[in-house]
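**Q** For reference, the file target-v2.cif (mmCIF, C-alpha atoms and all ligand atoms) is included below:
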```cif
data_input
#
loop_
_atom_site.label_atom_id
_atom_site.label_comp_id
_atom_site.auth_asym_id
_atom_site.auth_seq_id
_atom_site.Cartn_x
_atom_site.Cartn_y
_atom_site.Cartn_z
CA MET E 4 -2.71 -17.63 -23.94
CA SER E 5 -2.12 -20.59 -21.66
CA LYS E 6 -4.47 -23.01 -19.98
CA PHE E 7 -3.31 -21.61 -16.64
CA TYR E 8 -4.13 -18.07 -17.76
CA ASP E 9 -7.56 -19.20 -18.98
CA THR E 10 -8.21 -20.81 -15.61
CA ILE E 11 -7.56 -17.75 -13.51
CA SER E 12 -9.40 -15.53 -15.99
CA GLN E 13 -12.52 -17.63 -15.38
CA ARG E 14 -12.51 -18.68 -11.74
CA LYS E 15 -10.79 -18.07 -8.43
CA GLY E 16 -7.41 -19.70 -8.01
CA PHE E 17 -4.61 -20.03 -5.56
CA ALA E 18 -0.91 -20.52 -5.96
CA VAL E 19 1.76 -21.51 -3.50
CA LEU E 20 5.16 -19.84 -3.45
CA VAL E 21 8.17 -22.08 -2.91
CA ASP E 22 11.43 -20.37 -1.99
CA PRO E 23 14.22 -22.85 -2.86
CA ASP E 24 16.45 -21.50 -0.09
CA LYS E 25 13.91 -22.32 2.60
CA GLN E 26 13.21 -25.94 1.60
CA SER E 27 15.19 -29.05 2.37
CA ALA E 28 14.72 -32.06 0.09
CA GLN E 29 12.70 -33.63 2.92
CA SER E 30 10.33 -30.68 3.44
CA LEU E 31 9.88 -30.36 -0.33
CA GLY E 32 9.01 -34.06 -0.46
CA GLU E 33 6.30 -33.54 2.18
CA LEU E 34 4.99 -30.45 0.37
CA THR E 35 4.69 -32.22 -2.97
CA LYS E 36 2.39 -34.83 -1.39
CA LEU E 37 0.13 -32.01 -0.15
CA PHE E 38 0.27 -30.29 -3.56
CA ALA E 39 -0.70 -33.53 -5.29
CA ALA E 40 -3.61 -34.01 -2.89
CA HIS E 41 -5.00 -30.46 -2.83
CA ARG E 42 -4.08 -29.16 -6.28
CA PRO E 43 -3.08 -25.50 -6.09
CA ASP E 44 -3.48 -23.88 -9.53
CA ALA E 45 0.24 -23.21 -9.74
CA ILE E 46 3.47 -23.53 -7.80
CA LEU E 47 5.52 -20.35 -8.07
CA VAL E 48 9.27 -20.69 -7.58
CA GLY E 49 11.55 -17.75 -6.94
CA GLY E 50 12.62 -15.06 -4.51
CA SER E 51 14.18 -11.61 -4.31
CA LEU E 52 17.62 -13.17 -3.84
CA LEU E 53 18.42 -16.89 -4.03
CA MET E 54 21.49 -18.71 -2.75
CA GLU E 55 20.56 -22.08 -4.29
CA PRO E 56 20.03 -22.84 -8.02
CA ILE E 57 16.36 -22.66 -8.93
CA ALA E 58 16.59 -25.52 -11.45
CA ASP E 59 16.99 -28.22 -8.76
CA THR E 60 13.75 -27.19 -7.08
CA VAL E 61 11.86 -26.88 -10.37
CA LEU E 62 12.99 -30.36 -11.44
CA PHE E 63 12.03 -31.88 -8.10
CA LEU E 64 8.56 -30.36 -8.26
CA LYS E 65 8.06 -31.45 -11.87
CA GLU E 66 9.06 -34.99 -10.98
CA HIS E 67 6.90 -35.30 -7.87
CA CYS E 68 3.57 -33.64 -8.67
CA GLU E 69 1.52 -32.61 -11.66
CA VAL E 70 0.77 -29.04 -10.61
CA PRO E 71 2.08 -26.45 -13.13
CA VAL E 72 5.33 -24.84 -12.02
CA TYR E 73 5.81 -21.16 -12.89
CA LEU E 74 8.95 -19.13 -12.37
CA PHE E 75 8.48 -16.05 -10.20
CA PRO E 76 11.92 -14.59 -10.74
CA GLY E 77 13.73 -12.00 -8.66
CA ASP E 78 16.39 -11.67 -11.34
CA VAL E 79 17.78 -13.17 -14.56
CA THR E 80 19.56 -16.03 -12.78
CA GLN E 81 16.18 -17.50 -11.83
CA ILE E 82 15.28 -19.05 -15.17
CA SER E 83 14.87 -22.78 -15.72
CA ALA E 84 13.58 -24.21 -18.99
CA GLU E 85 12.13 -27.16 -17.05
CA ALA E 86 9.34 -24.95 -15.67
CA ASP E 87 5.93 -24.76 -17.34
CA GLY E 88 6.15 -21.01 -17.63
CA ILE E 89 7.11 -17.70 -16.13
CA PHE E 90 5.43 -14.68 -14.62
CA LEU E 91 7.50 -12.20 -16.65
CA LEU E 92 7.46 -9.42 -14.08
CA SER E 93 7.71 -5.73 -14.87
CA LEU E 94 8.05 -3.88 -11.59
CA ILE E 95 5.66 -1.10 -12.60
CA SER E 96 5.36 0.40 -9.11
CA GLY E 97 9.06 1.24 -9.31
CA ARG E 98 11.25 3.47 -11.44
CA ASN E 99 14.27 1.23 -11.86
CA PRO E 100 14.83 0.58 -15.58
CA ASP E 101 16.60 -2.71 -14.83
CA PHE E 102 13.34 -4.16 -13.51
CA LEU E 103 11.17 -2.52 -16.18
CA ILE E 104 13.16 -3.59 -19.28
CA GLY E 105 16.90 -4.14 -18.64
CA ASN E 106 16.71 -7.65 -17.18
CA HIS E 107 14.06 -8.59 -19.73
CA VAL E 108 16.46 -7.83 -22.59
CA ILE E 109 19.13 -10.03 -21.00
CA ALA E 110 16.63 -12.82 -20.38
CA ALA E 111 14.81 -12.69 -23.74
CA PRO E 112 17.05 -15.08 -25.75
CA HIS E 113 16.91 -17.64 -22.92
CA LEU E 114 13.14 -17.31 -22.57
CA ARG E 115 12.64 -17.76 -26.31
CA ARG E 116 14.68 -20.98 -26.25
CA ALA E 117 12.71 -22.26 -23.27
CA GLU E 118 9.49 -22.29 -25.34
CA PHE E 119 7.30 -22.16 -22.26
CA ASP E 120 4.28 -20.15 -21.20
CA ILE E 121 5.20 -16.47 -20.73
CA ILE E 122 2.71 -14.30 -18.83
CA PRO E 123 3.64 -10.60 -19.01
CA THR E 124 2.80 -9.37 -15.51
CA GLY E 125 2.61 -5.89 -14.01
CA TYR E 126 4.14 -6.38 -10.58
CA MET E 127 3.17 -3.73 -8.04
CA LEU E 128 4.83 -3.52 -4.66
CA ILE E 129 2.56 -1.98 -2.02
CA GLU E 130 3.88 -0.59 1.26
CA ASN E 131 3.12 -2.73 4.32
CA GLY E 132 4.64 -0.66 7.12
CA HIS E 133 8.07 -2.35 6.98
CA SER E 134 10.78 -2.42 4.33
CA THR E 135 10.85 -5.61 2.25
CA SER E 136 13.48 -7.68 0.47
CA VAL E 137 11.93 -6.77 -2.90
CA GLU E 138 12.20 -3.07 -2.11
CA TYR E 139 15.83 -3.35 -1.05
CA VAL E 140 17.03 -5.67 -3.81
CA SER E 141 15.15 -3.90 -6.63
CA ASN E 142 16.08 -0.46 -5.31
CA THR E 143 12.50 0.77 -5.80
CA LYS E 144 9.94 2.37 -3.54
CA PRO E 145 6.58 0.69 -2.92
CA ILE E 146 3.30 2.50 -3.54
CA PRO E 147 2.17 3.96 -0.18
CA PHE E 148 -0.44 1.79 1.58
CA GLY E 149 -3.34 4.27 1.40
CA LYS E 150 -2.61 5.74 -2.04
CA THR E 151 -5.28 3.86 -3.93
CA ASP E 152 -5.40 6.48 -6.69
CA ILE E 153 -1.71 5.94 -7.51
CA ALA E 154 -2.18 2.17 -7.44
CA VAL E 155 -5.20 2.35 -9.76
CA ALA E 156 -3.40 4.63 -12.23
CA THR E 157 -0.40 2.27 -12.19
CA ALA E 158 -2.53 -0.81 -12.88
CA VAL E 159 -4.45 1.00 -15.65
CA ALA E 160 -1.16 2.07 -17.24
CA GLY E 161 0.02 -1.54 -17.09
CA GLU E 162 -3.12 -2.70 -18.86
CA MET E 163 -2.75 0.03 -21.51
CA LEU E 164 0.83 -1.06 -22.11
CA GLY E 165 -0.40 -4.56 -22.94
CA LEU E 166 0.52 -6.47 -19.79
CA LYS E 167 -1.70 -9.52 -19.27
CA MET E 168 -1.90 -9.79 -15.50
CA ILE E 169 -1.53 -7.55 -12.43
CA TYR E 170 0.20 -8.83 -9.29
CA LEU E 171 -0.34 -6.82 -6.10
CA GLU E 172 2.48 -7.62 -3.70
CA ALA E 173 2.81 -6.64 -0.04
CA GLY E 174 6.09 -8.60 0.23
CA SER E 175 6.72 -12.10 1.48
CA GLY E 176 6.06 -12.35 5.21
CA ALA E 177 4.38 -8.92 5.30
CA ALA E 178 2.66 -8.14 8.60
CA LYS E 179 -0.04 -6.27 6.65
CA SER E 180 -1.37 -7.61 3.35
CA VAL E 181 -2.60 -5.37 0.51
CA GLY E 182 -5.64 -3.35 1.64
CA ILE E 183 -9.12 -4.45 0.64
CA ASP E 184 -10.03 -0.97 -0.65
CA MET E 185 -7.05 -0.99 -2.99
CA ILE E 186 -7.85 -4.47 -4.32
CA ARG E 187 -11.47 -3.46 -4.92
CA ALA E 188 -10.56 -0.21 -6.70
CA ILE E 189 -8.08 -1.95 -9.01
CA ARG E 190 -10.57 -4.73 -9.71
CA GLU E 191 -13.07 -2.08 -10.85
CA ALA E 192 -10.51 -0.23 -12.96
CA VAL E 193 -8.87 -3.04 -14.96
CA GLY E 194 -10.12 -6.15 -16.71
CA LEU E 195 -6.95 -8.19 -16.27
CA PRO E 196 -6.62 -11.18 -13.93
CA LEU E 197 -5.63 -9.84 -10.53
CA VAL E 198 -3.17 -11.74 -8.33
CA VAL E 199 -2.70 -10.73 -4.68
CA GLY E 200 0.10 -11.94 -2.41
CA GLY E 201 2.18 -11.14 0.61
CA GLY E 202 1.06 -11.54 4.22
CA ILE E 203 -2.00 -13.70 3.50
CA ARG E 204 -1.86 -16.09 6.44
CA THR E 205 -5.38 -17.38 7.02
CA VAL E 206 -8.43 -18.44 5.02
CA GLN E 207 -10.14 -15.32 6.40
CA ASP E 208 -7.42 -13.13 4.85
CA ALA E 209 -7.77 -15.06 1.59
CA SER E 210 -11.54 -14.85 1.62
CA ARG E 211 -11.43 -11.06 2.08
CA ALA E 212 -9.02 -10.70 -0.85
CA TYR E 213 -11.23 -12.89 -3.08
CA GLU E 214 -14.36 -10.95 -2.09
CA ALA E 215 -12.62 -7.67 -2.95
CA GLY E 216 -11.82 -8.98 -6.43
CA ALA E 217 -8.61 -10.99 -6.36
CA ASP E 218 -8.70 -13.74 -8.98
CA MET E 219 -5.75 -15.57 -7.53
CA ILE E 220 -4.04 -15.40 -4.17
CA VAL E 221 -0.46 -16.45 -3.48
CA ILE E 222 0.54 -18.07 -0.20
CA GLY E 223 4.16 -18.59 0.79
CA SER E 224 5.10 -18.13 4.45
CA ALA E 225 1.88 -19.52 5.96
CA ILE E 226 2.32 -22.81 4.08
CA GLU E 227 6.03 -22.96 4.89
CA GLU E 228 5.12 -22.73 8.57
CA PHE E 229 1.93 -24.81 8.57
CA PRO E 230 1.87 -26.94 5.40
CA GLY E 231 -1.43 -28.58 6.42
CA GLN E 232 -3.19 -25.24 5.86
CA ILE E 233 -3.05 -25.87 2.12
CA LYS E 234 -6.16 -28.04 2.49
CA GLU E 235 -8.14 -25.07 3.87
CA PHE E 236 -6.99 -22.74 1.09
CA ALA E 237 -7.95 -25.37 -1.49
CA GLU E 238 -11.40 -25.81 0.07
CA LEU E 239 -11.93 -22.05 0.11
CA ARG E 240 -10.92 -21.81 -3.57
CA ASP E 241 -13.30 -24.64 -4.43
CA SER E 242 -16.16 -23.03 -2.48
CA MET E 243 -15.60 -19.72 -4.30
CA THR E 244 -15.69 -21.30 -7.72
CA ARG E 245 -18.71 -23.56 -7.43
C1 LIG Q 1 5.43 -13.17 -2.08
O1 LIG Q 1 3.18 -12.98 -2.39
C2 LIG Q 1 4.16 -13.88 -2.06
O2 LIG Q 1 5.69 -12.75 -3.36
C3 LIG Q 1 3.92 -14.67 -0.82
O3 LIG Q 1 3.99 -13.91 0.36
O4 LIG Q 1 5.20 -15.40 1.95
O5 LIG Q 1 3.75 -13.55 2.80
O6 LIG Q 1 2.73 -15.55 1.75
P1 LIG Q 1 3.90 -14.66 1.78
#
```
What would the structure in this file look like if it were written as structure tokens?

**A**
Amino acid sequence: MSKFYDTISQRKGFAVLVDPDKQSAQSLGELTKLFAAHRPDAILVGGSLLMEPIADTVLFLKEHCEVPVYLFPGDVTQISAEADGIFLLSLISGRNPDFLIGNHVIAAPHLRRAEFDIIPTGYMLIENGHSTSVEYVSNTKPIPFGKTDIAVATAVAGEMLGLKMIYLEAGSGAAKSVGIDMIRAIREAVGLPLVVGGGIRTVQDASRAYEAGADMIVIGSAIEEFPGQIKEFAELRDSMTR
């Protein structure tokens, strides 16, 4: 597998999520300076539904900083061969065949041509008390917040099916991030790198997720609102991995 995959298999990491629709060229320019200075492990690009072409954002990021850029696609339109790779998401918390295999079939020829790093990822949407864009657009139900047993069985099934990473998602902007007990139980049950995102707003939130067993955390909204916070997330990551 990839250098990126090796990294998060061995030490704590953090990624930033960039939603192309929410960034002007100017704000992206400012962000790339912070990315270059504080070195997140990856920049994820994508969203449940995008109005702007993803390729422009990917190209800009590739030109302005050396951090690996991974696609985090909401659908088959969000593929750009300029990226370093893709989190190839199977929405295993849901029961919509389009997001389990249908879109993957449509995307496969394009992904093969792209010749980039493909990380097969079991993507699990966890209820946060409010409906989310992912839930609506994918037409799937999240796993209920307290149903740790269902979440564990889902992650174990994903590992048995050969997926290489598990992504626990509360939804971008979630008021409540994925529960610590659920992260801990999944960490104990599967050996795969565990990514946690959605509603992580502070270094305290991030620290709790790391302590419970997250290998990588993903921060989107908090950095959109307060870009300077990236320094604190980078320092926390570095302190966890020393
Ligand atoms: C969404 O996990 C990411 O997929 C980021 O969520 O915007 O809440 O940080 P936030």

**Q** Counting only C-alpha atoms and all ligand atoms, what residues are within 7 Å of ligand LIG 1 (chain Q), given as a ChimeraX atom specification?

**A** /E:20,172-177,199-204,221-225

**Q** Select, from E:Pro23, E:Gly194, E:Gly182, E:Gly231, the residue with the minimum atom-to-atom distance to Ala209 (chain E), counting all atoms listed in the file.

**A**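 Closest candidate: E:Gly182.
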
**Q** Between E:Ser242, E:Ser83, E:Ser136, E:Ser93, which residue has the minimum interatomic distance to Arg116 (chain E), considering only C-alpha atoms?

**A** E:Ser83

**Q** Report the distance between CA of Asn131 (chain E) and CA of Ile146 (chain E) in Å, rounded to one decimal place.

**A**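 Computed distance, CA of Asn131 (chain E) to CA of Ile146 (chain E), equals 9.4 Å.
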
**Q** Ranking E:Leu64, E:Met185, E:Leu34, E:Val70 by minimum distance to Phe229 (chain E) and counting only C-alpha atoms, which one comes first?

**A**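 Closest residue, counting only C-alpha atoms: E:Leu34.
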
**Q** Could you please determine the separation between CA of Gly50 (chain E) and CA of Gly88 (chain E) in Å, to one decimal place?

**A**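 Separation of CA of Gly50 (chain E) and CA of Gly88 (chain E): 15.8 Å.
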
**Q** Please report the interatomic distance between CA of Met219 (chain E) and CA of Val140 (chain E) in Å with one decimal.

**A**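 Rounded to one decimal, the two atoms are 25.1 Å apart.
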
**Q** With only C-alpha atoms as the atoms that count, which of E:Lys234, E:Tyr8, E:Glu33, E:Ile226 lies nearest to Val21 (chain E)?

**A**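 Comparing E:Lys234, E:Tyr8, E:Glu33, E:Ile226 against Val21 (chain E), the winner is E:Ile226.
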
**Q** Around the point (10.6, -24.9, -8.5) in the file's coordinates, collect all residues with an atom within 8 Å, using all atoms listed in the file, and return them as a list in words.

**A**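 Those residues, ordered by chain and then number, are Val21, Asp22, Pro23, Ile46, Leu47, Val48, Gly49, Ile57, Ala58, Asp59, Thr60, Val61, Leu62, Phe63, Leu64, Lys65, Val72, Tyr73, Leu74 and Ala86 of chain E.
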
**Q** Next, dump the selected residues to file, keeping only C-alpha atoms, as a PDB file, in the frame of the given file.

**A**
```pdb
ATOM      1  CA  VAL E  21       8.170 -22.080  -2.910  1.00  0.00           C
ATOM      2  CA  ASP E  22      11.430 -20.370  -1.990  1.00  0.00           C
ATOM      3  CA  PRO E  23      14.220 -22.850  -2.860  1.00  0.00           C
ATOM      4  CA  ILE E  46       3.470 -23.530  -7.800  1.00  0.00           C
ATOM      5  CA  LEU E  47       5.520 -20.350  -8.070  1.00  0.00           C
ATOM      6  CA  VAL E  48       9.270 -20.690  -7.580  1.00  0.00           C
ATOM      7  CA  GLY E  49      11.550 -17.750  -6.940  1.00  0.00           C
ATOM      8  CA  ILE E  57      16.360 -22.660  -8.930  1.00  0.00           C
ATOM      9  CA  ALA E  58      16.590 -25.520 -11.450  1.00  0.00           C
ATOM     10  CA  ASP E  59      16.990 -28.220  -8.760  1.00  0.00           C
ATOM     11  CA  THR E  60      13.750 -27.190  -7.080  1.00  0.00           C
ATOM     12  CA  VAL E  61      11.860 -26.880 -10.370  1.00  0.00           C
ATOM     13  CA  LEU E  62      12.990 -30.360 -11.440  1.00  0.00           C
ATOM     14  CA  PHE E  63      12.030 -31.880  -8.100  1.00  0.00           C
ATOM     15  CA  LEU E  64       8.560 -30.360  -8.260  1.00  0.00           C
ATOM     16  CA  LYS E  65       8.060 -31.450 -11.870  1.00  0.00           C
ATOM     17  CA  VAL E  72       5.330 -24.840 -12.020  1.00  0.00           C
ATOM     18  CA  TYR E  73       5.810 -21.160 -12.890  1.00  0.00           C
ATOM     19  CA  LEU E  74       8.950 -19.130 -12.370  1.00  0.00           C
ATOM     20  CA  ALA E  86       9.340 -24.950 -15.670  1.00  0.00           C
TER      21      ALA E  86
END
```

**Q** Quick one: everything within 12 Å of Asp9 (chain E), counting all atoms listed in the file, minus sequence neighbours fewer than 2 positions away in the same chain. Send it as a ChimeraX atom specification.

**A** /E:4-7,11-16,44,122,167-168,195-196,218

**Q** List the spatial neighbours of Ile189 (chain E) as a list of chain:residue names - criterion: any atom at most 8 Å away, all atoms listed in the file, same-chain residues fewer than 5 positions off excluded.

**A**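 Listed by chain and then number, they are E:Ala154, E:Val155, E:Ala158.
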
**Q** Using all atoms listed in the file, which residue out of E:Ala40, E:Ile153, E:Ala84, E:Ala212 lies closest to Asp120 (chain E)?

**A**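 Smallest distance to Asp120 (chain E) is found for E:Ala84.
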
**Q** Nearest to Gly105 (chain E): which of E:Glu227, E:Asp78, E:Glu55, E:Glu85 is it, counting all atoms listed in the file?

**A** E:Asp78

**Q** So that I can see what lies close to Thr157 (chain E), please list as a list in words the residues with an atom at most 9 Å from it, counting all atoms listed in the file and leaving out residues fewer than 4 positions away in the same chain.

**A**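 Within the cut-off, the hits are Ile95, Ser96, Gly125, Met127, Asp152, Ile153, Gly161 and Glu162 of chain E.
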
**Q** Taking all heavy atoms as the atom set, what does region 175-186 of chain E look like once completed, written as an mmCIF file, in the coordinates of the input?

**A**
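out.cif, freshly written:
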```
data_model
loop_
_atom_site.group_PDB
_atom_site.id
_atom_site.type_symbol
_atom_site.label_atom_id
_atom_site.label_comp_id
_atom_site.auth_asym_id
_atom_site.auth_seq_id
_atom_site.Cartn_x
_atom_site.Cartn_y
_atom_site.Cartn_z
ATOM 1 N N SER E 175 6.821 -10.822 0.785
ATOM 2 C CA SER E 175 6.720 -12.100 1.480
ATOM 3 C C SER E 175 6.903 -11.898 2.983
ATOM 4 O O SER E 175 7.831 -11.229 3.419
ATOM 5 C CB SER E 175 7.759 -13.083 0.942
ATOM 6 O OG SER E 175 7.551 -14.340 1.503
ATOM 7 N N GLY E 176 5.988 -12.467 3.750
ATOM 8 C CA GLY E 176 6.060 -12.350 5.210
ATOM 9 C C GLY E 176 5.524 -11.020 5.730
ATOM 10 O O GLY E 176 5.682 -10.718 6.917
ATOM 11 N N ALA E 177 4.876 -10.238 4.878
ATOM 12 C CA ALA E 177 4.380 -8.920 5.300
ATOM 13 C C ALA E 177 3.426 -9.048 6.492
ATOM 14 O O ALA E 177 2.596 -9.961 6.539
ATOM 15 C CB ALA E 177 3.648 -8.240 4.146
ATOM 16 N N ALA E 178 3.562 -8.118 7.446
ATOM 17 C CA ALA E 178 2.660 -8.140 8.600
ATOM 18 C C ALA E 178 1.272 -7.655 8.175
ATOM 19 O O ALA E 178 0.267 -7.991 8.791
ATOM 20 C CB ALA E 178 3.219 -7.257 9.703
ATOM 21 N N LYS E 179 1.231 -6.852 7.111
ATOM 22 C CA LYS E 179 -0.040 -6.270 6.650
ATOM 23 C C LYS E 179 -0.163 -6.564 5.161
ATOM 24 O O LYS E 179 0.678 -6.151 4.374
ATOM 25 C CB LYS E 179 0.039 -4.759 6.902
ATOM 26 C CG LYS E 179 -1.251 -4.016 6.725
ATOM 27 C CD LYS E 179 -1.197 -2.628 7.378
ATOM 28 C CE LYS E 179 -0.278 -1.663 6.650
ATOM 29 N NZ LYS E 179 -0.399 -0.259 7.083
ATOM 30 N N SER E 180 -1.211 -7.300 4.774
ATOM 31 C CA SER E 180 -1.370 -7.610 3.350
ATOM 32 C C SER E 180 -1.970 -6.407 2.611
ATOM 33 O O SER E 180 -2.341 -5.410 3.235
ATOM 34 C CB SER E 180 -2.210 -8.877 3.160
ATOM 35 O OG SER E 180 -3.381 -8.808 3.913
ATOM 36 N N VAL E 181 -2.086 -6.506 1.307
ATOM 37 C CA VAL E 181 -2.600 -5.370 0.510
ATOM 38 C C VAL E 181 -4.032 -5.057 0.964
ATOM 39 O O VAL E 181 -4.845 -5.966 1.193
ATOM 40 C CB VAL E 181 -2.597 -5.734 -1.002
ATOM 41 C CG1 VAL E 181 -3.205 -4.601 -1.820
ATOM 42 C CG2 VAL E 181 -1.187 -6.036 -1.467
ATOM 43 N N GLY E 182 -4.340 -3.762 1.101
ATOM 44 C CA GLY E 182 -5.640 -3.350 1.640
ATOM 45 C C GLY E 182 -6.806 -3.716 0.717
ATOM 46 O O GLY E 182 -6.687 -3.707 -0.509
ATOM 47 N N ILE E 183 -7.919 -4.039 1.362
ATOM 48 C CA ILE E 183 -9.120 -4.450 0.640
ATOM 49 C C ILE E 183 -9.613 -3.344 -0.303
ATOM 50 O O ILE E 183 -10.029 -3.606 -1.432
ATOM 51 C CB ILE E 183 -10.229 -4.793 1.684
ATOM 52 C CG1 ILE E 183 -9.810 -6.021 2.501
ATOM 53 C CG2 ILE E 183 -11.585 -5.002 1.037
ATOM 54 C CD1 ILE E 183 -9.460 -7.216 1.682
ATOM 55 N N ASP E 184 -9.551 -2.089 0.182
ATOM 56 C CA ASP E 184 -10.030 -0.970 -0.650
ATOM 57 C C ASP E 184 -9.215 -0.858 -1.931
ATOM 58 O O ASP E 184 -9.746 -0.583 -3.006
ATOM 59 C CB ASP E 184 -9.942 0.358 0.110
ATOM 60 C CG ASP E 184 -10.927 0.399 1.262
ATOM 61 O OD1 ASP E 184 -11.820 -0.480 1.305
ATOM 62 O OD2 ASP E 184 -10.786 1.293 2.118
ATOM 63 N N MET E 185 -7.915 -1.081 -1.806
ATOM 64 C CA MET E 185 -7.050 -0.990 -2.990
ATOM 65 C C MET E 185 -7.347 -2.125 -3.966
ATOM 66 O O MET E 185 -7.444 -1.914 -5.184
ATOM 67 C CB MET E 185 -5.572 -1.004 -2.564
ATOM 68 C CG MET E 185 -4.623 -0.702 -3.697
ATOM 69 S SD MET E 185 -2.904 -0.633 -3.164
ATOM 70 C CE MET E 185 -2.787 0.986 -2.413
ATOM 71 N N ILE E 186 -7.529 -3.336 -3.431
ATOM 72 C CA ILE E 186 -7.850 -4.470 -4.320
ATOM 73 C C ILE E 186 -9.158 -4.175 -5.061
ATOM 74 O O ILE E 186 -9.254 -4.349 -6.286
ATOM 75 C CB ILE E 186 -7.996 -5.787 -3.507
ATOM 76 C CG1 ILE E 186 -6.680 -6.149 -2.821
ATOM 77 C CG2 ILE E 186 -8.461 -6.929 -4.412
ATOM 78 C CD1 ILE E 186 -6.793 -7.320 -1.840
#
```
